[in-house]
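Here's the structure, in structure tokens; my notes come after.
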Amino acid sequence: MTICHNIKKEVLKLTKQILVLVDYDKAYLDRIQDLAQDYDLIQSLEEADFSQVEIVLGWDSDLEDIIARGDHSIKWIQAKSAGVDYLPLDLLADQGIILTSASGMHAQAITETVFAMILGYARQVFQSRHYQAHKYWGQEDVDLFELKGKTLAVIGLGNIGQKVADIAQAFGLKVVGVNQSGTTDAPVDAIYPSDQMDSVLGQADIVVNILPLTDQTRGLYNAECFQAFKDQSVFINVGRGPSVVTEDLVAALNEGKIAFCGLDVFEEEPLPETSPLWEMDNVLITPHIAGEMADYNAHLFPIIEANLSSYINQQDVALNKIDYQKEY
């Protein structure tokens, strides 16, 4: 009886699966296997037996139909991205599936992009590149400004926002933060709740949007919002494209309400060739690369490792668990 029981137990252990949709080499896969010795590692949808797949590392759009049918054993999905607005959150919530993000791993890269955009405009690097293309010595035409003493508003004080605030201090910027609660441990000079954002926009020389995309933030930056901006301010968006109403942003740029805009994310991606943003001299466009880095998956692995270890040992995750009510 005991022998049969042990055999059944071993069979059950071996039938649990982890579907790995992140492109990892053998060394990483071996580490995952070490952490989850009772699981088989599967690396494609075609190989997976979804009656046995309990953990998914990564995402594939075909998973939505599989989950919707309900004939699966998935309990936890680890996304590769910080934002999860592209995932079927209502479906995952209804089925009680734990979802975790890659929040935090992009903080350094996105912060570097934010300040590349700000400094490129403030020190007229972008304009000088234009002059160079035309072999024009435009020394008398540049309009420089120093960051020291200016006010920078960080809208969204998660991991990335806190990093931006920290680096901003080194430039002598006054940093004002906005988040839902109006409280933070981030290195800011002042903090306001979301319902007071307009008063912050009116005092900021530079506004950096790092908000996630939720029902509340979709279309947040509309014509009314841009009118609350300080005249001739700078707007940087490294959060989510659909938080901005593109037509209203173009109008604010044309009116001079916003002097310069650095955009890494867009309402529609790829940005259509017909978008007026392409032709605007006071706009810098980067193709949603602010969070990219060399060996992205290697940067992701510590999050996977911490969450997998926690899940195996405690049946819960340690980092970046999505609150379905908040949508992030």
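Chain labels A, B, ... are given in the sequence in which chains occur in the structure tokens; within each chain residues are numbered consecutively from 1, and ligands are likewise numbered from 1 in the order shown.
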(request) Within region 178-273 of chain A, find each residue whose DSSP state, derived from the backbone, is helix (DSSP H, G or I), and express the selection as a list in words. (result)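 The helix (DSSP H, G or I) subset of region 178-273 of chain A is Ser194, Asp195, Gln196, Met197, Asp198, Ser199, Val200, Leu201, Ala223, Glu224, Cys225, Phe226, Gln227, Gly241, Pro242, Ser243, Thr246, Glu247, Asp248, Leu249, Val250, Ala251, Ala252, Leu253, Asn254 and Glu255 of chain A.
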(message) I want to know what sits within 9 Å of Thr183 (chain A), based on only C-alpha atoms, with residues of the same chain fewer than 4 positions away left out; could you give that as a PyMOL selection string?
(response) chain A and resi 178-179+191-193
(request) Could you check which of A:Phe126, A:Ile304, A:Ile98, A:Lys75 is closest to Val20 (chain A), using only C-alpha atoms? (result) A:Ile304
(request) Please identify all polymer residues within 8 Å of region 270-284 of chain A, counting only C-alpha atoms, omitting same-chain residues fewer than 2 positions from it, and present them as a list in words. (result)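 My reading of the contact set: Met117, Val250, Leu253, Ala259, Phe260, Cys261, Gly262, Leu263, Phe266, Glu267, Glu268, Thr286 and Pro287 of chain A.
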(request) Output as number ranges by chain all residues of region 159-271 of chain A that backbone DSSP marks as strand (DSSP E or B). (result) A: 174-179, 190-193, 206-209, 221, 233-237, 244, 258-263
(request) Please provide as number ranges by chain all residues within 7 Å of Gln52 (chain A), with the sequence filter that same-chain residues fewer than 2 positions apart are discarded (counting only C-alpha atoms). (result) A: 15-17, 49-50, 54, 73
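Look at Arg31 (chain A): the protein and nucleic acid residues within 12 Å of it, using only C-alpha atoms and passing over chain neighbours fewer than 3 places away, are Tyr24, Asp25, Lys26, Ala27, Tyr28, Asp34, Leu35, Ala36, Gln37, Leu41, Phe301, Pro302, Ile304, Glu305, Ala306, Leu308 and Ser309 of chain A.
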(request) For Ser243 (chain A), please output as a list in words all residues within 6 Å (counting only C-alpha atoms; exclusion window: fewer than 6 positions along the same chain). (result)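 Here the answer would be Thr217, Arg218, Gly219 and Leu220 of chain A.
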(message) Give me the residues near Ile77 (chain A) as a ChimeraX atom specification, where near means some atom within 9 Å (using only C-alpha atoms) and where sequence neighbours in that chain fewer than 5 positions away do not count.
(response) /A:54-59,97-101
Write out the residues from the selection above, keeping C-alpha atoms, as an mmCIF file, in the first residue's frame.
```cif
data_model
loop_
_atom_site.group_PDB
_atom_site.id
_atom_site.type_symbol
_atom_site.label_atom_id
_atom_site.label_comp_id
_atom_site.auth_asym_id
_atom_site.auth_seq_id
_atom_site.Cartn_x
_atom_site.Cartn_y
_atom_site.Cartn_z
ATOM 1 C CA GLU A 54 0.202 25.354 -13.359
ATOM 2 C CA ILE A 55 2.695 28.160 -14.008
ATOM 3 C CA VAL A 56 3.266 30.283 -17.127
ATOM 4 C CA LEU A 57 6.426 32.363 -17.456
ATOM 5 C CA GLY A 58 5.724 34.887 -20.211
ATOM 6 C CA TRP A 59 2.629 35.300 -22.359
ATOM 7 C CA ILE A 97 -5.183 33.315 -11.558
ATOM 8 C CA ILE A 98 -2.316 35.145 -9.876
ATOM 9 C CA LEU A 99 -0.632 37.637 -12.220
ATOM 10 C CA THR A 100 2.745 39.243 -11.607
ATOM 11 C CA SER A 101 4.534 41.894 -13.641
#
```
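Proximity to Ser44 (chain A) was assessed for A:Val22, A:Asn320, A:Pro212, A:Ile67 counting only C-alpha atoms; the smallest distance is recorded for A:Val22.
The smallest atom-to-atom distance between Ser233 (chain A) and any of A:Asp248, A:Asp38, A:Asp205, A:Asp195, using only C-alpha atoms, is found for A:Asp205.
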(request) Considering only C-alpha atoms, state which residue in the set A:Ala186, A:Val84, A:Ala109, A:Val53 is at the smallest distance from Met293 (chain A). (result) A:Ala109
